[in-house]
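Below is the file coords09.csv, which contains CSV, C-alpha atoms and all ligand atoms.
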```csv
chain,number,residue,atom,x,y,z
H,1,MET,CA,56.3,-133.7,-17.9
H,2,ARG,CA,55.9,-137.4,-18.8
H,3,TYR,CA,58.7,-139.6,-17.5
H,4,LEU,CA,59.8,-143.0,-18.4
H,5,ILE,CA,62.1,-144.8,-15.9
H,6,THR,CA,63.9,-147.9,-17.2
H,7,GLY,CA,65.5,-150.3,-14.7
H,8,ALA,CA,62.9,-149.1,-12.3
H,9,ALA,CA,63.3,-151.9,-9.8
H,10,GLY,CA,66.9,-151.2,-9.1
H,11,MET,CA,68.3,-149.2,-6.1
H,12,LEU,CA,68.3,-145.9,-7.9
H,13,GLY,CA,65.2,-146.6,-9.9
H,14,ARG,CA,63.2,-147.2,-6.8
H,15,ASP,CA,64.2,-143.9,-5.2
H,16,LEU,CA,63.6,-142.1,-8.4
H,17,GLN,CA,60.0,-143.3,-8.4
H,18,THR,CA,59.6,-141.8,-4.9
H,19,VAL,CA,61.1,-138.5,-5.9
H,20,LEU,CA,58.8,-138.3,-9.0
H,21,ALA,CA,55.7,-139.5,-7.2
H,22,ASP,CA,53.8,-136.4,-8.1
H,23,GLN,CA,54.6,-136.6,-11.8
H,24,SER,CA,53.3,-138.7,-14.7
H,25,VAL,CA,55.7,-141.7,-14.6
H,26,THR,CA,55.9,-144.9,-16.5
H,27,ALA,CA,58.2,-147.1,-14.4
H,28,LEU,CA,59.4,-150.3,-16.2
H,29,ASP,CA,61.5,-153.0,-14.6
H,30,ARG,CA,63.4,-155.5,-16.6
H,31,ALA,CA,60.4,-157.7,-17.2
H,32,GLY,CA,58.5,-154.6,-18.4
H,33,LEU,CA,61.2,-153.4,-20.8
H,34,ASP,CA,64.4,-155.1,-21.7
H,35,ILE,CA,66.6,-152.2,-23.0
H,36,THR,CA,68.6,-154.5,-25.2
H,37,ASP,CA,65.5,-154.9,-27.4
H,38,PRO,CA,65.5,-152.0,-29.9
H,39,ASP,CA,61.8,-152.4,-31.1
H,40,ALA,CA,60.5,-152.6,-27.5
H,41,VAL,CA,62.6,-149.6,-26.5
H,42,HIS,CA,61.2,-147.6,-29.4
H,43,ALA,CA,57.6,-148.4,-28.5
H,44,ALA,CA,58.2,-147.7,-24.8
H,45,VAL,CA,59.8,-144.3,-25.3
H,46,ALA,CA,56.9,-143.0,-27.4
H,47,GLY,CA,54.7,-140.5,-25.5
H,48,HIS,CA,57.4,-139.5,-22.9
H,49,ASP,CA,59.2,-136.2,-22.5
H,50,VAL,CA,62.1,-137.5,-20.4
H,51,VAL,CA,63.6,-141.0,-20.2
H,52,ILE,CA,65.8,-141.8,-17.2
H,53,ASN,CA,67.8,-144.9,-17.7
H,54,CYS,CA,68.6,-146.7,-14.4
H,55,ALA,CA,69.0,-150.1,-16.0
H,56,ALA,CA,72.5,-151.5,-16.0
H,57,TYR,CA,74.6,-154.6,-15.7
H,58,THR,CA,76.2,-153.7,-12.3
H,59,ALA,CA,78.1,-156.8,-11.3
H,60,VAL,CA,81.5,-155.3,-11.7
H,61,ASP,CA,83.6,-158.5,-11.0
H,62,ALA,CA,81.3,-160.8,-13.0
H,63,ALA,CA,81.7,-158.4,-16.0
H,64,GLU,CA,85.4,-159.4,-16.2
H,65,THR,CA,84.4,-162.8,-17.6
H,66,ASP,CA,81.0,-161.8,-19.0
H,67,GLU,CA,81.9,-158.6,-20.9
H,68,ASP,CA,79.6,-159.4,-23.9
H,69,ALA,CA,76.5,-159.5,-21.6
H,70,ALA,CA,77.6,-156.4,-19.8
H,71,TYR,CA,78.2,-154.6,-23.2
H,72,ALA,CA,74.7,-155.6,-24.3
H,73,VAL,CA,73.1,-153.8,-21.3
H,74,ASN,CA,75.5,-151.0,-20.6
H,75,ALA,CA,76.4,-150.0,-24.2
H,76,LEU,CA,73.8,-151.3,-26.7
H,77,GLY,CA,70.9,-150.6,-24.3
H,78,PRO,CA,71.7,-146.9,-24.0
H,79,ARG,CA,72.3,-146.8,-27.7
H,80,ASN,CA,68.7,-148.1,-28.3
H,81,LEU,CA,67.4,-145.6,-25.8
H,82,ALA,CA,69.3,-142.7,-27.3
H,83,ALA,CA,68.1,-143.5,-30.8
H,84,ALA,CA,64.5,-143.8,-29.6
H,85,ALA,CA,64.7,-140.6,-27.5
H,86,ALA,CA,66.1,-138.7,-30.5
H,87,ALA,CA,63.4,-140.1,-32.8
H,88,HIS,CA,60.6,-139.1,-30.3
H,89,GLY,CA,62.1,-135.8,-29.3
H,90,ALA,CA,62.6,-136.8,-25.6
H,91,LYS,CA,65.4,-136.0,-23.3
H,92,LEU,CA,67.5,-139.0,-22.3
H,93,ILE,CA,69.2,-139.0,-18.9
H,94,HIS,CA,71.6,-141.9,-18.8
H,95,ILE,CA,73.4,-142.9,-15.6
H,96,SER,CA,77.1,-143.7,-15.8
H,97,THR,CA,80.0,-144.2,-13.5
H,98,ASP,CA,83.3,-143.0,-12.1
H,99,TYR,CA,84.7,-146.3,-13.4
H,100,VAL,CA,85.1,-144.7,-16.9
H,101,PHE,CA,88.2,-143.2,-15.4
H,102,ALA,CA,91.5,-144.9,-14.4
H,103,GLY,CA,91.5,-143.3,-10.9
H,104,ASN,CA,95.1,-142.1,-11.1
H,105,ALA,CA,94.3,-138.4,-11.0
H,106,THR,CA,95.3,-136.1,-8.1
H,107,GLU,CA,92.5,-133.6,-8.5
H,108,PRO,CA,88.7,-134.0,-9.1
H,109,TYR,CA,87.9,-135.4,-12.6
H,110,ALA,CA,86.4,-132.7,-14.9
H,111,GLU,CA,83.4,-133.8,-16.9
H,112,ASP,CA,85.4,-133.6,-20.2
H,113,THR,CA,88.4,-135.7,-19.0
H,114,ALA,CA,89.2,-138.5,-21.5
H,115,ARG,CA,87.8,-141.8,-20.5
H,116,ALA,CA,90.3,-144.5,-19.5
H,117,PRO,CA,88.5,-147.4,-17.8
H,118,LEU,CA,90.4,-150.0,-15.8
H,119,ASN,CA,88.0,-152.9,-16.0
H,120,ALA,CA,85.4,-154.5,-18.3
H,121,TYR,CA,82.4,-152.9,-16.5
H,122,GLY,CA,84.1,-149.5,-17.0
H,123,ARG,CA,84.7,-150.2,-20.7
H,124,THR,CA,81.1,-151.1,-21.3
H,125,LYS,CA,79.8,-148.0,-19.5
H,126,ALA,CA,82.3,-145.8,-21.4
H,127,ALA,CA,80.9,-147.3,-24.7
H,128,GLY,CA,77.4,-146.5,-23.5
H,129,GLU,CA,78.3,-142.9,-22.9
H,130,GLU,CA,79.8,-142.5,-26.4
H,131,PHE,CA,76.6,-144.0,-27.9
H,132,VAL,CA,74.3,-141.7,-26.0
H,133,LEU,CA,76.3,-138.5,-26.9
H,134,GLY,CA,76.7,-139.7,-30.5
H,135,GLU,CA,73.0,-140.8,-31.1
H,136,HIS,CA,71.4,-137.9,-29.3
H,137,PRO,CA,73.7,-134.9,-29.2
H,138,THR,CA,71.0,-132.3,-28.5
H,139,GLY,CA,69.1,-134.2,-25.8
H,140,GLY,CA,71.4,-136.8,-24.4
H,141,PHE,CA,72.6,-136.3,-20.8
H,142,ILE,CA,75.2,-138.5,-19.0
H,143,VAL,CA,75.1,-138.3,-15.2
H,144,ARG,CA,78.1,-140.1,-13.8
H,145,THR,CA,77.6,-141.3,-10.2
H,146,ALA,CA,79.7,-143.3,-7.8
H,147,TRP,CA,79.7,-145.2,-4.5
H,148,ILE,CA,75.9,-145.1,-4.3
H,149,TYR,CA,73.9,-146.4,-1.4
H,150,GLY,CA,70.1,-146.4,-0.9
H,151,GLU,CA,67.2,-147.9,0.9
H,152,HIS,CA,66.3,-150.4,-1.8
H,153,GLY,CA,69.5,-152.2,-2.6
H,154,ASN,CA,72.4,-154.3,-1.4
H,155,ASN,CA,74.9,-151.6,-0.8
H,156,PHE,CA,78.0,-150.8,1.2
H,157,ALA,CA,76.3,-148.8,4.0
H,158,ALA,CA,73.8,-151.6,4.7
H,159,THR,CA,76.5,-154.2,4.4
H,160,MET,CA,78.6,-152.4,7.0
H,161,LEU,CA,75.7,-152.1,9.4
H,162,ARG,CA,74.9,-155.8,9.0
H,163,LEU,CA,78.6,-156.7,9.6
H,164,ALA,CA,78.6,-154.5,12.7
H,165,GLY,CA,75.8,-156.7,14.1
H,166,SER,CA,77.9,-159.9,13.8
H,167,HIS,CA,81.6,-158.8,14.0
H,168,PRO,CA,83.5,-156.9,16.7
H,169,THR,CA,85.5,-155.1,14.1
H,170,VAL,CA,85.5,-154.5,10.3
H,171,SER,CA,88.6,-153.8,8.2
H,172,VAL,CA,88.2,-151.3,5.4
H,173,VAL,CA,90.5,-149.9,2.8
H,174,THR,CA,92.0,-146.4,3.2
H,175,ASP,CA,93.6,-146.2,-0.2
H,176,GLN,CA,90.5,-145.8,-2.4
H,177,VAL,CA,89.0,-142.3,-2.2
H,178,GLY,CA,85.6,-141.2,-3.6
H,179,GLN,CA,82.3,-139.6,-2.9
H,180,PRO,CA,79.7,-141.7,-1.1
H,181,THR,CA,76.4,-140.8,-2.7
H,182,TRP,CA,72.8,-141.3,-1.4
H,183,THR,CA,70.5,-142.4,-4.1
H,184,ARG,CA,67.7,-140.2,-2.8
H,185,ASP,CA,69.9,-137.1,-3.3
H,186,LEU,CA,70.9,-138.3,-6.8
H,187,ALA,CA,67.3,-138.9,-7.7
H,188,THR,CA,66.4,-135.3,-6.6
H,189,GLN,CA,69.3,-134.0,-8.7
H,190,LEU,CA,68.1,-136.0,-11.7
H,191,ARG,CA,64.7,-134.4,-11.4
H,192,LEU,CA,66.2,-130.9,-11.2
H,193,LEU,CA,68.2,-131.7,-14.3
H,194,ALA,CA,65.1,-133.0,-16.2
H,195,GLU,CA,63.1,-129.9,-15.3
H,196,SER,CA,65.9,-127.4,-16.2
H,197,ASP,CA,67.1,-125.9,-19.4
H,198,ALA,CA,70.6,-127.2,-18.8
H,199,PRO,CA,72.5,-128.1,-22.0
H,200,ALA,CA,72.9,-131.8,-23.1
H,201,GLY,CA,76.2,-133.4,-22.1
H,202,VAL,CA,78.0,-134.8,-19.2
H,203,TYR,CA,77.3,-134.1,-15.5
H,204,HIS,CA,78.7,-135.6,-12.3
H,205,GLY,CA,76.0,-136.8,-9.9
H,206,THR,CA,77.8,-137.4,-6.6
H,207,ASN,CA,77.5,-135.9,-3.2
H,208,ALA,CA,80.2,-133.2,-2.5
H,209,GLY,CA,83.3,-133.7,-0.4
H,210,GLN,CA,85.5,-136.8,-0.5
H,211,GLY,CA,86.6,-139.7,1.7
H,212,SER,CA,88.0,-143.2,1.7
H,213,TRP,CA,85.9,-146.3,2.2
H,214,TYR,CA,87.4,-146.3,5.7
H,215,ASP,CA,86.2,-142.7,6.3
H,216,PHE,CA,82.8,-143.7,4.9
H,217,THR,CA,82.6,-146.7,7.3
H,218,GLN,CA,83.6,-144.7,10.3
H,219,ALA,CA,80.9,-142.1,9.5
H,220,ILE,CA,78.3,-144.9,9.1
H,221,PHE,CA,79.2,-146.3,12.5
H,222,THR,CA,79.1,-142.9,14.1
H,223,GLU,CA,75.7,-142.0,12.6
H,224,ALA,CA,74.3,-145.4,13.7
H,225,GLY,CA,75.5,-144.8,17.2
H,226,LEU,CA,78.2,-147.5,17.0
H,227,ASP,CA,81.9,-147.0,18.1
H,228,PRO,CA,83.9,-145.9,15.0
H,229,ALA,CA,87.0,-147.4,16.7
H,230,ARG,CA,85.6,-150.8,15.6
H,231,VAL,CA,86.5,-149.8,12.0
H,232,LEU,CA,90.1,-150.8,11.3
H,233,GLU,CA,92.4,-149.7,8.5
H,234,THR,CA,93.5,-151.9,5.7
H,235,ASP,CA,94.6,-151.5,2.0
H,236,SER,CA,93.5,-152.7,-1.4
H,237,ALA,CA,96.5,-155.2,-1.6
H,238,SER,CA,94.7,-157.1,1.2
H,239,PHE,CA,91.4,-157.2,-0.8
H,240,VAL,CA,92.3,-158.2,-4.3
H,241,ARG,CA,89.2,-158.7,-6.5
H,242,PRO,CA,88.7,-159.8,-10.1
H,243,ALA,CA,88.2,-156.3,-11.4
H,244,PRO,CA,90.7,-153.6,-10.6
H,245,ARG,CA,89.2,-150.6,-8.9
H,246,PRO,CA,90.2,-146.9,-9.4
H,247,ALA,CA,92.1,-145.5,-6.4
H,248,TYR,CA,90.8,-142.0,-6.9
H,249,SER,CA,87.2,-141.5,-7.9
H,250,VAL,CA,86.5,-137.8,-6.9
H,251,LEU,CA,84.4,-136.1,-9.6
H,252,SER,CA,84.2,-132.3,-10.2
H,253,HIS,CA,80.8,-130.7,-10.1
H,254,ALA,CA,81.6,-127.7,-12.3
H,255,GLY,CA,79.0,-128.8,-14.9
H,256,TRP,CA,76.1,-128.1,-12.6
H,257,THR,CA,77.4,-124.6,-11.7
H,258,ALA,CA,77.9,-123.8,-15.4
H,259,ALA,CA,74.3,-124.8,-16.1
H,260,GLY,CA,73.0,-122.7,-13.2
H,261,LEU,CA,72.1,-125.7,-11.1
H,262,PRO,CA,73.1,-126.3,-7.4
H,263,ILE,CA,75.6,-129.0,-6.7
H,264,MET,CA,74.6,-131.9,-4.4
H,265,ARG,CA,75.3,-131.5,-0.7
H,266,ASP,CA,78.3,-132.9,1.2
H,267,TRP,CA,78.2,-136.7,1.6
H,268,ARG,CA,78.4,-136.5,5.4
H,269,GLU,CA,75.2,-134.4,5.6
H,270,ALA,CA,73.4,-136.8,3.2
H,271,LEU,CA,74.6,-139.9,5.2
H,272,HIS,CA,73.3,-138.3,8.4
H,273,GLU,CA,69.8,-137.9,6.9
H,274,ALA,CA,69.9,-141.3,5.3
H,275,ILE,CA,70.5,-143.0,8.7
H,276,ALA,CA,68.5,-140.6,10.8
H,277,SER,CA,65.4,-141.0,8.6
H,278,GLY,CA,65.7,-144.8,8.7
H,279,ALA,CA,66.3,-145.1,5.0
H,280,ILE,CA,69.5,-146.9,5.9
H,281,HIS,CA,68.9,-149.2,8.8
H,282,ALA,CA,71.0,-149.8,11.9
H,283,PRO,CA,71.1,-153.5,13.0
H,284,GLU,CA,68.8,-154.6,15.8
H,285,PRO,CA,70.7,-154.4,19.1
H,286,THR,CA,72.0,-157.7,20.3
H,287,ALA,CA,71.1,-158.9,23.8
H,301,LIG,N1,76.0,-149.1,-7.4
H,301,LIG,C1,77.0,-148.2,-7.5
H,301,LIG,O1,77.7,-147.9,-6.5
H,301,LIG,C2,77.1,-147.4,-8.8
H,301,LIG,C3,78.3,-146.7,-9.0
H,301,LIG,C4,78.4,-145.9,-10.1
H,301,LIG,C5,77.4,-146.0,-11.1
H,301,LIG,N2,76.3,-146.7,-10.9
H,301,LIG,C6,75.3,-146.7,-11.9
H,301,LIG,O2,74.1,-146.3,-11.4
H,301,LIG,C7,73.0,-146.9,-12.1
H,301,LIG,C8,72.0,-147.5,-11.1
H,301,LIG,O3,72.7,-148.4,-10.3
H,301,LIG,P1,71.9,-149.3,-9.2
H,301,LIG,O4,72.9,-149.6,-8.2
H,301,LIG,O5,70.6,-148.7,-8.9
H,301,LIG,O6,71.8,-150.6,-10.1
H,301,LIG,P2,70.9,-151.9,-9.7
H,301,LIG,O7,70.3,-151.8,-8.3
H,301,LIG,O8,71.8,-153.1,-10.0
H,301,LIG,O9,69.7,-151.8,-10.7
H,301,LIG,C9,69.9,-152.0,-12.1
H,301,LIG,C10,68.6,-152.6,-12.6
H,301,LIG,O10,68.7,-152.8,-14.1
H,301,LIG,C11,68.0,-153.9,-14.4
H,301,LIG,N3,68.5,-154.5,-15.7
H,301,LIG,C12,69.5,-155.3,-15.9
H,301,LIG,N4,69.6,-155.6,-17.2
H,301,LIG,C13,68.5,-155.0,-17.8
H,301,LIG,C14,68.0,-154.9,-19.1
H,301,LIG,N5,68.6,-155.6,-20.1
H,301,LIG,N6,66.8,-154.2,-19.3
H,301,LIG,C15,66.2,-153.6,-18.3
H,301,LIG,N7,66.6,-153.6,-17.1
H,301,LIG,C16,67.8,-154.3,-16.8
H,301,LIG,C17,68.3,-154.9,-13.2
H,301,LIG,O11,67.3,-155.9,-13.2
H,301,LIG,P3,67.7,-157.3,-12.6
H,301,LIG,O12,68.0,-157.1,-11.2
H,301,LIG,O13,66.5,-158.1,-12.9
H,301,LIG,O14,68.9,-157.8,-13.4
H,301,LIG,C18,68.2,-153.9,-12.0
H,301,LIG,O15,66.8,-153.8,-11.6
H,301,LIG,C19,73.6,-147.9,-13.1
H,301,LIG,O16,73.7,-147.2,-14.3
H,301,LIG,C20,75.0,-148.1,-12.5
H,301,LIG,O17,75.9,-148.5,-13.5
H,301,LIG,C21,76.2,-147.5,-9.8
```
Starting from the file, give its structure as structure tokens.
Ligand SMILES: NC(=O)c1ccc[n+]([C@@H]2O[C@H](COP(=O)([O-])OP(=O)(O)OC[C@H]3O[C@@H](n4cnc5c(N)ncnc54)[C@H](OP(=O)(O)O)[C@@H]3O)[C@@H](O)[C@H]2O)c1
Amino acid sequence: MRYLITGAAGMLGRDLQTVLADQSVTALDRAGLDITDPDAVHAAVAGHDVVINCAAYTAVDAAETDEDAAYAVNALGPRNLAAAAAAHGAKLIHISTDYVFAGNATEPYAEDTARAPLNAYGRTKAAGEEFVLGEHPTGGFIVRTAWIYGEHGNNFAATMLRLAGSHPTVSVVTDQVGQPTWTRDLATQLRLLAESDAPAGVYHGTNAGQGSWYDFTQAIFTEAGLDPARVLETDSASFVRPAPRPAYSVLSHAGWTAAGLPIMRDWREALHEAIASGAIHAPEPTA
């Protein structure tokens, strides 16, 4: 199988390269392929069986005042990739987000729930999904993920461990619930999907279980050998940000089961391995 990874220098793109290390992989960062350039995309996709798009405009708050730039990368980029993948007979696996939903559900979002994004980033990602499914109905795969953390990125888990090194306590919201997801697990699931006969369409690539950011932080502290009582409860009203966030981001995993594939393991198990393996670092002890 010949893979093309776009956005290969990002947090997920880096772990995907590790997981596909024994395969034939072309890994292109933004300098190697700008996905907003249709001709360059067409040329890059040629000769590959599977394209995995990890490129995105991911600055959620900045997108509120920069929606055109976000749309170019998150909507037109995937459209270019889907058109090229369809033309070259390749599968396209495109990464999307829980932010396509409003977060006002009370049970896990099914894959076919209508999109209702709350913010500009979510709107651009929703448009990207529609383009992929429209341009490449037989070989376009959307994998929605959420709350990802990994070795090669600025992410919530690393930030909490850094703060733990400099602050006696951290205050974290209890009123946003989701599925913390290790990029290594997601990359492994993407490979499974690429190698399977699963039908094109929408899948939810998050670790199983659910928890709030507060629960996640307590678990990070515990796994890193720090006192979880240093994590204090707060709510979203105390942390207002430019882009509204969904309160409930739990995604159903029924699509994997229907396609005969395993679901991803529980987020607490994944976090344990991520920290125990050193992929997510604890801070140096202070004297
Ligand atoms: N982070 C999360 O919690 C989260 C949650 C839900 C879904 N997701 C989705 O998961 C995917 C991977 O996220 P991530 O956290 O790994 O993102 P990331 O670390 O921000 O990586 C994205 C990469 O895309 C590159 N890029 C930006 N514009 C590009 C363009 N026009 N052409 C080619 N490459 C371009 C970026 O390069 P530069 O750095 O040079 O700009 C960056 O290397 C994205 O689709 C994201 O929307 C993430």
For H:Gly32, work out the shell of residues within 12 Å, counting all atoms listed in the file and skipping chain neighbours fewer than 4 positions away, then give it as a list in words. Leu4, Ile5, Thr6, Gly7, Ala8, Ala9, Thr26, Ala27, Leu28, Asp37, Ala40, Val41, Ala43, Ala44 and Ala55 of chain H
Close residues to ligand LIG 301 (chain H) using all atoms listed in the file, limit 6 Å, as a PyMOL selection string: chain H and resi 7+9-13+29-30+33-36+54-58+73+95-97+145-148+153
Please work out which residues fall within 7 Å of (83.8, -131.6, -18.6), coordinates as given in the file, with all atoms listed in the file counting, and return them as a list in words. Ala110, Glu111, Asp112, Thr113, Val202 and Gly255 of chain H
With only C-alpha atoms as the atoms that count, which of H:Leu192, H:Ala224, H:Ala70, H:Val25 lies nearest to H:His272?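 Ranking H:Leu192, H:Ala224, H:Ala70, H:Val25 by distance to H:His272, first place goes to H:Ala224.
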From the options H:Pro38, H:Pro244, H:Pro180, H:Gly103, which residue's atoms come nearest to H:Gly77, counting only C-alpha atoms?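 Among the listed residues, the smallest separation from H:Gly77 belongs to H:Pro38.
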For each of H:Phe239, H:Thr188, H:Ala87, H:Ala157, take the minimum atom-to-atom distance to H:Thr217, counting all atoms listed in the file, then give the residue where this is smallest. H:Ala157
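Distance check against H:Tyr214 using all atoms listed in the file: of H:Gly89, H:Pro242, H:Gly178, H:Pro199, the minimum falls on H:Gly178.
The shortest atom-to-atom distance to H:Ala279, with all atoms listed in the file taken into account, belongs to H:Ala158 out of H:Ala105, H:Ala158, H:Ala85, H:Ala59.
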Selected residue of minimal separation from H:Val51 among H:Val172, H:Leu193, H:Val19, H:Ala90, counting all atoms listed in the file: H:Ala90
Long-range neighbours of H:Pro108 as a VMD selection string, 8 Å cut-off, all atoms listed in the file, 3 positions minimum in chain: chain H and resid 105 249 to 252
Mind dumping the selected residues with C-alpha atoms as a PDB file, in the frame of the given file?
```
ATOM      1  CA  ALA H 105      94.300-138.400 -11.000  1.00  0.00           C
ATOM      2  CA  SER H 249      87.200-141.500  -7.900  1.00  0.00           C
ATOM      3  CA  VAL H 250      86.500-137.800  -6.900  1.00  0.00           C
ATOM      4  CA  LEU H 251      84.400-136.100  -9.600  1.00  0.00           C
ATOM      5  CA  SER H 252      84.200-132.300 -10.200  1.00  0.00           C
TER       6      SER H 252
END
```
For the point (66.8, -151.1, 1.5) in file coordinates, what residues are within 10 Å, counting only C-alpha atoms? Give the answer as number ranges by chain? H: 11, 14, 149-155, 158, 278-281
Contacts of H:Val177 within 7 Å, all atoms listed in the file, excl. fewer than 6 positions in-chain, as a ChimeraX atom specification: /H:210-213,247-250
Skipping near chain neighbours, those fewer than 4 positions away, what residues fall within 10 Å of H:Thr65 using all atoms listed in the file, listed as an NGL selection string? :H and (60-61 or 69-70 or 120 or 242-243)
Distance of atom CA of H:Ser238 from atom CA of H:Phe216, expressed in Å to one decimal place: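 Those two atoms sit 18.3 Å apart.
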